[in-house]
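my_file02.tsv follows; it contains TSV, C-alpha atoms.
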chain	number	residue	atom	x	y	z
M	1	MET	CA	-41.48	14.38	16.28
M	2	VAL	CA	-41.57	10.56	16.26
M	3	ILE	CA	-41.05	10.57	12.50
M	4	LEU	CA	-38.10	12.94	12.83
M	5	ASN	CA	-36.54	10.70	15.50
M	6	ARG	CA	-36.89	7.75	13.16
M	7	ILE	CA	-35.28	9.69	10.32
M	8	VAL	CA	-32.34	10.56	12.58
M	9	LEU	CA	-31.94	6.92	13.59
M	10	ILE	CA	-32.17	5.72	10.00
M	11	LEU	CA	-29.59	8.27	8.85
M	12	ILE	CA	-27.19	7.26	11.63
M	13	GLY	CA	-27.72	3.62	10.68
M	14	VAL	CA	-27.07	4.31	6.99
M	15	TRP	CA	-23.97	6.29	7.83
M	16	LEU	CA	-22.61	3.54	10.06
M	17	LEU	CA	-23.21	0.98	7.36
M	18	GLN	CA	-21.39	3.21	4.87
M	19	ALA	CA	-18.49	3.84	7.23
M	20	THR	CA	-18.09	0.16	7.98
M	21	ALA	CA	-18.26	-0.64	4.32
M	22	TYR	CA	-15.56	1.94	3.54
M	23	ALA	CA	-13.33	0.41	6.16
M	24	GLY	CA	-13.76	-3.16	5.03
M	25	SER	CA	-15.77	-3.42	1.87
M	26	ALA	CA	-13.04	-5.29	0.07
M	27	SER	CA	-13.41	-8.31	2.33
M	28	GLY	CA	-15.42	-10.18	-0.29
M	29	GLY	CA	-12.27	-10.52	-2.33
M	30	GLU	CA	-14.10	-10.34	-5.63
M	31	PRO	CA	-11.90	-8.93	-8.41
M	32	ASN	CA	-13.17	-5.74	-10.03
M	33	PHE	CA	-11.42	-6.52	-13.32
M	34	ALA	CA	-10.68	-9.52	-15.51
M	35	PRO	CA	-7.52	-11.50	-14.67
M	36	GLU	CA	-5.96	-10.39	-17.96
M	37	GLN	CA	-6.41	-6.73	-16.99
M	38	LEU	CA	-4.92	-7.22	-13.52
M	39	VAL	CA	-1.94	-9.10	-14.94
M	40	GLY	CA	-1.61	-6.36	-17.54
M	41	LEU	CA	-1.49	-3.59	-14.94
M	42	SER	CA	0.95	-5.35	-12.63
M	43	LYS	CA	3.29	-6.20	-15.52
M	44	LYS	CA	3.02	-2.68	-16.93
M	45	VAL	CA	4.12	-1.26	-13.57
M	46	GLU	CA	7.02	-3.71	-13.31
M	47	ARG	CA	8.19	-2.95	-16.83
M	48	ALA	CA	7.95	0.81	-16.31
M	49	ILE	CA	10.13	0.62	-13.20
M	50	ALA	CA	12.62	-1.79	-14.78
M	51	ALA	CA	12.84	0.38	-17.93
M	52	ARG	CA	14.11	3.18	-15.71
M	53	GLY	CA	16.74	0.94	-14.15
M	54	ALA	CA	15.25	1.39	-10.68
M	55	HIS	CA	16.20	-1.01	-7.90
M	56	VAL	CA	13.70	0.61	-5.54
M	57	ALA	CA	10.48	2.48	-6.36
M	58	LEU	CA	7.40	3.63	-4.50
M	59	ILE	CA	4.20	2.29	-6.04
M	60	SER	CA	0.58	3.11	-5.24
M	61	ARG	CA	-2.85	1.74	-6.00
M	62	VAL	CA	-6.50	2.78	-5.92
M	63	GLY	CA	-8.17	0.53	-3.38
M	64	ARG	CA	-11.57	2.25	-3.29
M	65	PRO	CA	-14.10	3.48	-5.82
M	66	LYS	CA	-13.18	6.92	-7.14
M	67	ASP	CA	-16.37	8.56	-5.90
M	68	GLU	CA	-15.59	7.49	-2.32
M	69	LEU	CA	-12.17	9.16	-2.25
M	70	PRO	CA	-11.91	12.42	-0.30
M	71	GLU	CA	-10.90	15.49	-2.26
M	72	GLY	CA	-7.18	15.61	-3.02
M	73	ILE	CA	-6.60	11.88	-2.46
M	74	GLU	CA	-6.01	9.86	-5.62
M	75	PHE	CA	-4.39	6.66	-4.30
M	76	THR	CA	-5.10	4.69	-1.13
M	77	HIS	CA	-2.06	2.48	-0.59
M	78	VAL	CA	1.70	2.89	-1.06
M	79	ALA	CA	4.55	0.37	-0.79
M	80	PHE	CA	8.14	-0.23	-1.88
M	81	ALA	CA	8.96	-2.27	-4.98
M	82	VAL	CA	12.45	-3.83	-4.79
M	83	TYR	CA	14.20	-5.38	-7.80
M	84	SER	CA	14.88	-8.94	-6.73
M	85	GLN	CA	16.06	-12.40	-7.54
M	86	ILE	CA	12.92	-14.45	-7.02
M	87	THR	CA	12.92	-18.18	-6.44
M	88	THR	CA	9.71	-19.72	-7.77
M	89	ASP	CA	7.86	-22.75	-6.51
M	90	ASP	CA	8.97	-24.70	-9.59
M	91	GLY	CA	12.59	-24.17	-8.63
M	92	ARG	CA	13.64	-21.43	-11.05
M	93	VAL	CA	15.32	-18.15	-10.16
M	94	VAL	CA	13.93	-15.16	-12.08
M	95	PRO	CA	14.35	-11.37	-11.96
M	96	GLY	CA	11.35	-9.28	-10.90
M	97	TYR	CA	10.05	-6.92	-8.26
M	98	ALA	CA	9.05	-7.89	-4.73
M	99	ILE	CA	6.70	-5.56	-2.86
M	100	TYR	CA	7.26	-4.52	0.76
M	101	ASN	CA	4.03	-3.46	2.48
M	102	LEU	CA	2.37	-2.39	5.65
M	103	TYR	CA	-1.09	-3.97	5.42
M	104	GLN	CA	-4.14	-3.30	7.54
M	105	SER	CA	-5.47	-6.36	9.36
M	106	ASP	CA	-8.81	-7.69	8.17
M	107	GLU	CA	-9.77	-9.22	11.51
M	108	ARG	CA	-8.64	-6.24	13.60
M	109	PRO	CA	-8.82	-3.15	11.36
M	110	ASN	CA	-7.16	-0.92	13.95
M	111	THR	CA	-3.94	-2.98	13.64
M	112	SER	CA	-1.45	-3.64	10.85
M	113	PHE	CA	1.34	-6.03	9.89
M	114	LEU	CA	4.30	-6.06	7.50
M	115	LYS	CA	4.27	-8.37	4.51
M	116	GLN	CA	6.25	-8.98	1.34
M	117	ASP	CA	4.31	-10.01	-1.77
M	118	TYR	CA	4.40	-9.42	-5.54
M	119	PRO	CA	2.88	-6.94	-8.02
M	120	LEU	CA	-0.15	-9.04	-8.97
M	121	ASP	CA	-0.99	-9.61	-5.29
M	122	TYR	CA	-0.65	-5.89	-4.75
M	123	TYR	CA	-2.91	-4.85	-7.64
M	124	ALA	CA	-5.36	-7.77	-7.56
M	125	ALA	CA	-8.26	-5.97	-5.85
M	126	VAL	CA	-7.92	-2.45	-7.24
M	127	HIS	CA	-10.91	-0.29	-8.16
M	128	GLU	CA	-9.09	1.49	-11.00
M	129	LEU	CA	-6.51	0.14	-13.42
M	130	LYS	CA	-4.16	2.92	-12.41
M	131	ALA	CA	-0.86	3.16	-10.54
M	132	GLY	CA	1.18	6.04	-9.16
M	133	ILE	CA	4.95	5.55	-9.26
M	134	ILE	CA	7.86	7.45	-7.73
M	135	ILE	CA	11.43	6.65	-8.77
M	136	PRO	CA	13.73	7.86	-5.97
M	137	ASP	CA	17.09	9.22	-7.04
M	138	LYS	CA	20.00	6.76	-7.04
M	139	ALA	CA	21.40	7.93	-3.71
M	140	LEU	CA	18.06	7.46	-1.98
M	141	GLN	CA	17.52	4.06	-3.63
M	142	LYS	CA	20.85	2.96	-2.21
M	143	ARG	CA	19.89	4.10	1.28
M	144	LEU	CA	16.38	2.62	1.04
M	145	LEU	CA	17.81	-0.80	0.20
M	146	LYS	CA	20.01	-0.61	3.24
M	147	VAL	CA	17.09	0.27	5.54
M	148	ILE	CA	14.52	-2.17	4.09
M	149	PHE	CA	16.93	-5.07	4.70
M	150	SER	CA	17.98	-4.00	8.17
M	151	SER	CA	16.50	-4.36	11.65
M	152	THR	CA	15.42	-0.71	11.39
M	153	TYR	CA	12.63	-1.64	8.93
M	154	PRO	CA	10.51	-3.77	11.32
M	155	ALA	CA	11.47	-1.49	14.21
M	156	LEU	CA	9.79	1.45	12.46
M	157	HIS	CA	6.46	-0.43	12.30
M	158	ASN	CA	3.76	0.76	14.69
M	159	PRO	CA	0.93	-1.80	14.58
M	160	ARG	CA	-1.66	0.68	15.88
M	161	TYR	CA	-3.44	1.55	12.62
M	162	SER	CA	-5.45	4.65	11.82
M	163	ALA	CA	-6.57	5.56	8.30
M	164	THR	CA	-6.14	9.22	9.23
M	165	SER	CA	-2.93	8.86	11.25
M	166	ASN	CA	-1.05	12.06	12.07
M	167	PRO	CA	2.44	11.62	10.56
M	168	PHE	CA	3.98	14.03	13.06
M	169	ASN	CA	3.67	11.79	16.11
M	170	ASP	CA	4.01	8.11	17.01
M	171	ARG	CA	0.48	7.41	18.23
M	172	TYR	CA	-0.75	5.61	15.10
M	173	GLN	CA	0.58	4.66	11.67
M	174	ASN	CA	-0.82	3.75	8.25
M	175	CYS	CA	0.83	2.40	5.10
M	176	THR	CA	1.87	5.77	3.74
M	177	GLU	CA	3.22	7.01	7.04
M	178	PHE	CA	5.27	3.81	7.32
M	179	VAL	CA	6.72	4.44	3.84
M	180	LEU	CA	7.48	8.03	4.87
M	181	ASP	CA	9.16	6.84	8.08
M	182	VAL	CA	11.31	4.27	6.24
M	183	MET	CA	12.27	6.91	3.69
M	184	ASN	CA	13.31	9.39	6.37
M	185	ALA	CA	15.26	6.71	8.21
M	186	ALA	CA	17.13	6.29	4.92
M	187	ILE	CA	17.53	10.01	4.25
M	188	TYR	CA	18.87	10.80	7.73
M	189	ASP	CA	20.64	7.46	8.14
M	190	THR	CA	19.01	6.89	11.51
M	191	SER	CA	16.76	4.49	13.35
M	192	ASP	CA	15.93	7.11	15.98
M	193	TYR	CA	12.16	7.51	15.65
M	194	ARG	CA	12.13	10.87	17.45
M	195	ARG	CA	14.64	12.24	14.97
M	196	ILE	CA	12.62	10.87	12.06
M	197	LYS	CA	9.43	12.47	13.37
M	198	ALA	CA	11.19	15.78	14.07
M	199	ASN	CA	12.42	15.99	10.49
M	200	GLU	CA	9.01	15.04	9.11
M	201	ALA	CA	7.44	17.81	11.20
M	202	ALA	CA	10.01	20.24	9.82
M	203	TYR	CA	9.87	19.33	6.12
M	204	PHE	CA	6.85	17.18	5.25
M	205	GLU	CA	3.44	18.64	4.37
M	206	PRO	CA	0.67	16.05	4.85
M	207	GLN	CA	-2.53	15.96	2.85
M	208	PRO	CA	-5.50	17.61	4.61
M	209	VAL	CA	-8.40	15.15	4.88
M	210	ARG	CA	-11.33	17.23	3.67
M	211	VAL	CA	-14.23	15.41	5.27
M	212	GLY	CA	-17.03	17.01	7.27
M	213	ALA	CA	-16.40	17.47	10.99
M	214	LEU	CA	-19.48	15.45	11.91
M	215	LYS	CA	-18.40	12.55	9.76
M	216	LEU	CA	-14.92	12.62	11.28
M	217	LEU	CA	-16.41	12.73	14.76
M	218	LEU	CA	-18.80	9.85	14.11
M	219	GLY	CA	-16.03	7.92	12.37
M	220	SER	CA	-13.68	8.32	15.31
M	221	ILE	CA	-16.40	7.01	17.61
M	222	PHE	CA	-17.77	4.12	15.59
M	223	VAL	CA	-15.15	2.98	13.06
M	224	PRO	CA	-12.20	1.08	14.57
M	225	ASP	CA	-9.56	2.17	12.04
M	226	ILE	CA	-10.31	5.87	12.29
M	227	THR	CA	-9.29	8.12	15.12
M	228	THR	CA	-8.68	11.83	15.36
M	229	SER	CA	-7.25	11.68	18.87
M	230	ASP	CA	-3.71	12.04	17.51
M	231	HIS	CA	-4.54	15.35	15.81
M	232	SER	CA	-4.65	18.64	17.67
M	233	GLY	CA	-5.84	20.69	14.68
M	234	PRO	CA	-7.20	19.96	11.20
M	235	VAL	CA	-6.85	16.31	10.24
M	236	ALA	CA	-4.04	15.65	7.74
M	237	THR	CA	-2.26	12.43	6.85
M	238	ALA	CA	0.52	11.11	4.59
M	239	THR	CA	-0.60	10.13	1.08
M	240	PHE	CA	1.07	9.14	-2.17
M	241	GLY	CA	0.56	12.67	-3.48
M	242	SER	CA	2.02	14.39	-0.43
M	243	ILE	CA	5.03	12.03	-0.43
M	244	ALA	CA	5.58	12.73	-4.14
M	245	ARG	CA	5.46	16.48	-3.53
M	246	TYR	CA	7.87	16.14	-0.59
M	247	MET	CA	10.36	14.18	-2.68
M	248	GLN	CA	10.12	16.53	-5.65
M	249	ARG	CA	10.42	19.64	-3.47
M	250	HIS	CA	13.62	18.32	-1.93
M	251	GLY	CA	15.11	16.96	-5.14
M	252	ILE	CA	15.20	13.29	-4.14
M	253	ALA	CA	12.83	11.91	-6.81
M	254	ASP	CA	14.08	11.17	-10.30
M	255	GLU	CA	10.56	10.81	-11.64
M	256	VAL	CA	6.90	10.81	-10.54
M	257	PHE	CA	4.33	9.45	-12.93
M	258	THR	CA	0.98	7.71	-13.25
M	259	LEU	CA	0.21	4.65	-15.36
M	260	SER	CA	-3.15	3.39	-16.44
M	261	MET	CA	-4.43	0.70	-18.74
M	262	ASP	CA	-5.83	1.82	-22.10
Z	1	MET	CA	-33.49	26.22	11.62
Z	2	LYS	CA	-34.61	24.11	14.58
Z	3	PRO	CA	-31.90	22.04	16.30
Z	4	ARG	CA	-33.41	18.73	15.27
Z	5	ALA	CA	-33.80	19.80	11.67
Z	6	ARG	CA	-30.19	20.98	11.74
Z	7	LEU	CA	-29.16	17.54	13.05
Z	8	VAL	CA	-31.06	15.84	10.23
Z	9	SER	CA	-29.44	18.05	7.58
Z	10	SER	CA	-26.00	17.47	9.11
Z	11	LEU	CA	-26.54	13.72	9.09
Z	12	LEU	CA	-27.73	13.89	5.51
Z	13	LEU	CA	-24.55	15.70	4.56
Z	14	ALA	CA	-22.48	13.13	6.45
Z	15	VAL	CA	-24.23	10.25	4.73
Z	16	LEU	CA	-23.83	11.79	1.29
Z	17	SER	CA	-20.24	13.02	1.56
Z	18	PRO	CA	-17.17	10.86	0.79
Z	19	GLY	CA	-15.89	8.48	3.46
Z	20	VAL	CA	-13.17	8.99	6.00
Z	21	ALA	CA	-11.53	5.62	5.95
Z	22	VAL	CA	-10.86	5.89	2.25
Z	23	ALA	CA	-8.11	8.35	3.04
Z	24	GLN	CA	-6.13	5.14	3.32
Z	25	SER	CA	-7.01	1.62	2.36
Z	26	SER	CA	-4.27	-0.90	2.81
Z	27	LEU	CA	-6.27	-4.07	3.30
Z	28	GLN	CA	-4.34	-7.02	2.02
Z	29	HIS	CA	-6.79	-9.88	2.28
Z	30	SER	CA	-8.88	-9.05	-0.76
Z	31	GLY	CA	-5.92	-9.02	-3.11
Z	32	GLN	CA	-4.75	-12.28	-1.63
Z	33	ALA	CA	-8.14	-13.87	-2.23
Z	34	VAL	CA	-8.12	-12.67	-5.81
Z	35	THR	CA	-4.68	-14.06	-6.60
Z	36	HIS	CA	-5.63	-17.36	-5.00
Z	37	SER	CA	-8.69	-17.54	-7.20
Z	38	LEU	CA	-6.54	-16.67	-10.23
Z	39	GLN	CA	-4.20	-19.48	-9.30
Z	40	ALA	CA	-7.14	-21.84	-9.00
Z	41	ILE	CA	-8.94	-20.94	-12.21
Z	42	GLY	CA	-5.91	-20.19	-14.33
Z	43	GLU	CA	-4.14	-23.47	-13.68
Z	44	GLY	CA	-0.90	-21.59	-13.84
Z	45	MET	CA	-1.65	-19.52	-16.98
Z	46	VAL	CA	-3.22	-16.05	-17.09
Z	47	ALA	CA	-3.28	-13.85	-20.18
Z	48	GLY	CA	-0.65	-16.05	-21.80
Z	49	ALA	CA	1.74	-15.62	-18.90
Z	50	LYS	CA	2.77	-18.35	-16.53
Z	51	LEU	CA	1.47	-17.82	-13.00
Z	52	VAL	CA	3.93	-19.06	-10.39
Z	53	SER	CA	4.34	-18.64	-6.65
Z	54	GLY	CA	7.36	-16.84	-5.30
Z	55	VAL	CA	9.13	-18.83	-2.61
Z	56	ALA	CA	11.79	-16.25	-1.76
Z	57	ALA	CA	12.93	-12.83	-2.96
Z	58	VAL	CA	16.41	-11.40	-2.55
Z	59	PRO	CA	17.37	-7.96	-3.87
Z	60	LEU	CA	19.53	-7.97	-6.97
Z	61	LYS	CA	22.34	-5.69	-7.90
Z	62	ALA	CA	22.82	-4.56	-11.46
Z	63	ALA	CA	25.68	-6.90	-12.28
Z	64	GLY	CA	24.18	-10.05	-10.76
Z	65	ALA	CA	22.58	-11.62	-7.78
Z	66	VAL	CA	23.39	-10.44	-4.31
Z	67	GLY	CA	24.23	-13.08	-1.76
Z	68	GLU	CA	21.79	-14.23	0.85
Z	69	LEU	CA	20.26	-11.78	3.28
Z	70	SER	CA	22.41	-11.20	6.30
Z	71	SER	CA	23.76	-8.43	8.43
Z	72	ASP	CA	26.75	-8.33	6.09
Z	73	MET	CA	24.54	-7.52	3.15
Z	74	GLY	CA	25.06	-3.81	3.39
Z	75	ASP	CA	28.01	-3.53	1.03
Z	76	ALA	CA	26.34	-5.46	-1.75
Z	77	LEU	CA	23.21	-3.36	-1.39
Z	78	TRP	CA	25.22	-0.17	-1.49
Z	79	GLU	CA	26.78	-1.35	-4.73
Z	80	ALA	CA	23.41	-2.41	-6.08
Z	81	ALA	CA	21.73	0.96	-6.09
Z	82	ASN	CA	24.98	2.77	-6.73
Z	83	ALA	CA	25.61	1.00	-10.00
Z	84	PRO	CA	25.66	3.29	-13.01
Z	85	ALA	CA	22.39	3.54	-14.89
Z	86	ALA	CA	22.80	0.79	-17.43
Z	87	GLY	CA	19.38	1.01	-19.01
Z	88	PRO	CA	16.44	-1.30	-18.48
Z	89	LEU	CA	16.71	-4.12	-15.98
Z	90	PRO	CA	15.79	-7.61	-17.23
Z	91	LEU	CA	12.44	-8.96	-16.06
Z	92	THR	CA	10.79	-12.34	-16.11
Z	93	ASP	CA	7.66	-12.74	-18.25
Z	94	ASP	CA	6.18	-14.94	-15.54
Z	95	VAL	CA	3.55	-13.53	-13.22
Z	96	ILE	CA	4.61	-14.15	-9.65
Z	97	THR	CA	2.28	-14.25	-6.65
Z	98	ILE	CA	2.45	-15.27	-3.06
Z	99	GLY	CA	1.66	-18.94	-2.43
Z	100	PRO	CA	-1.82	-20.39	-1.90
Z	101	PRO	CA	-3.36	-20.52	1.60
Z	102	PRO	CA	-1.82	-23.20	3.86
Z	103	GLY	CA	-4.77	-25.59	3.58
Z	104	GLU	CA	-4.74	-25.42	-0.21
Z	105	ALA	CA	-0.96	-25.81	-0.34
Z	106	ILE	CA	-1.23	-28.97	1.76
Z	107	ARG	CA	-3.97	-30.37	-0.50
Z	108	ARG	CA	-1.91	-29.59	-3.63
Z	109	GLN	CA	1.11	-31.35	-2.18
Z	110	GLU	CA	-1.01	-34.31	-1.16
Z	111	THR	CA	-2.47	-34.55	-4.66
Z	112	SER	CA	0.89	-34.39	-6.39
Z	113	THR	CA	2.47	-36.86	-3.96
Z	114	TRP	CA	-0.24	-39.48	-4.19
Will you turn the file into structure tokens for me?
Amino acid sequence: MVILNRIVLILIGVWLLQATAYAGSASGGEPNFAPEQLVGLSKKVERAIAARGAHVALISRVGRPKDELPEGIEFTHVAFAVYSQITTDDGRVVPGYAIYNLYQSDERPNTSFLKQDYPLDYYAAVHELKAGIIIPDKALQKRLLKVIFSSTYPALHNPRYSATSNPFNDRYQNCTEFVLDVMNAAIYDTSDYRRIKANEAAYFEPQPVRVGALKLLLGSIFVPDITTSDHSGPVATATFGSIARYMQRHGIADEVFTLSMD
Amino acid sequence: MKPRARLVSSLLLAVLSPGVAVAQSSLQHSGQAVTHSLQAIGEGMVAGAKLVSGVAAVPLKAAGAVGELSSDMGDALWEAANAPAAGPLPLTDDVITIGPPPGEAIRRQETSTW
């Protein structure tokens, strides 16, 4: 019996270590690929978007090892890329893409903040040299630009972060839900969060998170950026794949594709 | 199966199955650290491309630069995305990143000034 108790304690300890590592294992900041490869991926993404004449695109990255990703989830982070006039620190003005993100806080993982950076910053710590890209149709690009550079954009940010946030209510938010909210603010030309959520509930199908019930329960207890309290049934959240399917189903995506380095 | 044995097998499954938090991973700090290290080791050049910091970004419209960001920006932005598809958009060959951490930026300025 004593041995069994010890096994239980060891297993709980191992699981907690794993869960914590999943939530923050990137904190070391060590690149997983050579600088040339990271530059190659970020430039390849920029060129692919520019080749399609897109002023706004949705881009995604793989921020965790493939074998740690739950079934059905291919990418872990989504943001907007906006074609921009960029002033550099050496005083030049050049054309390129700026990235508009909701990032999870390192110090307080159950909170988030908004930040603008650039493609190499975005792809610098990826675990796969792969990117998912959605080119919205022209009408949606036009509306997205209007929202991203309006007071609606920061107003849609909910800093309470949950990796498994329910996109159908306003309790928590993650990067993909924020992208979905901004997109629906653009689609319905509104800053009314209740209206945005009502339309998401009516038309959006989130990705079920297929993880064991025990793991979800333990995660919601011990890991700060996971909660299931905002879900009344099976846990499902917004992902790159579910946003792509939503846009394709409703005819508002010109193209959805994946890029990887050879 | 006895309750305790069932608990052990459940925990084993939990330990061995994929994580929960990986449903999303939007940590920013690691990427930032990597680009800062690239800036440091690359001395401005990576893979033959010039590495520069972006000071400001303003959305462009197809026919030229949009004016500065303001509440009146709407019309220009509407035009921007509404422009007819005119083929590929021009891109810089430079690799742009956010700036270095504040402490490093101060040290760089001090070095270049003195």
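Atom pair CA of Gly63 in chain M / CA of Leu91 in chain Z: separated by 26.0 Å.
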Have a look at CA of Glu36 in chain M and CA of Phe113 in chain M and let me know their distance in Å, one decimal.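 Rounded to one decimal, the two atoms are 29.1 Å apart.
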Could you list, as a list in words, every residue within 6 Å of Thr176 in chain M, counting all atoms listed in the file and ignoring same-chain residues fewer than 6 positions away?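 Answer for this query is Val78, Ala238 and Thr239 of chain M.
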With C-alpha atoms retained, write the just-selected residues as a PDB file, keeping the file's coordinate frame.
ATOM      1  CA  VAL M  78       1.700   2.890  -1.060  1.00  0.00           C
ATOM      2  CA  ALA M 238       0.520  11.110   4.590  1.00  0.00           C
ATOM      3  CA  THR M 239      -0.600  10.130   1.080  1.00  0.00           C
TER       4      THR M 239
END
Can you work out which one of M:Gln116, M:Gln37, M:Gln85, M:Ser232 has the shortest atom-to-atom distance to chain Z, counting all atoms listed in the file? M:Gln85
Range 97-101 of chain Z: which residues within 7 Å, counting only C-alpha atoms, same-chain residues fewer than 4 positions away excluded, as a ChimeraX atom specification? /M:117-118,120-121 /Z:35-36,52-54,105
Output C-alpha atoms for every residue in the selection just made, as a short mmCIF file (atom, residue, chain, number, x, y, z; two decimals), in the frame of the given file.
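In the end it all went to result14.cif:
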data_model
loop_
_atom_site.label_atom_id
_atom_site.label_comp_id
_atom_site.auth_asym_id
_atom_site.auth_seq_id
_atom_site.Cartn_x
_atom_site.Cartn_y
_atom_site.Cartn_z
CA ASP M 117 4.31 -10.01 -1.77
CA TYR M 118 4.40 -9.42 -5.54
CA LEU M 120 -0.15 -9.04 -8.97
CA ASP M 121 -0.99 -9.61 -5.29
CA THR Z 35 -4.68 -14.06 -6.60
CA HIS Z 36 -5.63 -17.36 -5.00
CA VAL Z 52 3.93 -19.06 -10.39
CA SER Z 53 4.34 -18.64 -6.65
CA GLY Z 54 7.36 -16.84 -5.30
CA ALA Z 105 -0.96 -25.81 -0.34
#
Grab the CA of Asn184 in chain M to CA of Val126 in chain M distance for me, in Å with one decimal place. 27.9 Å
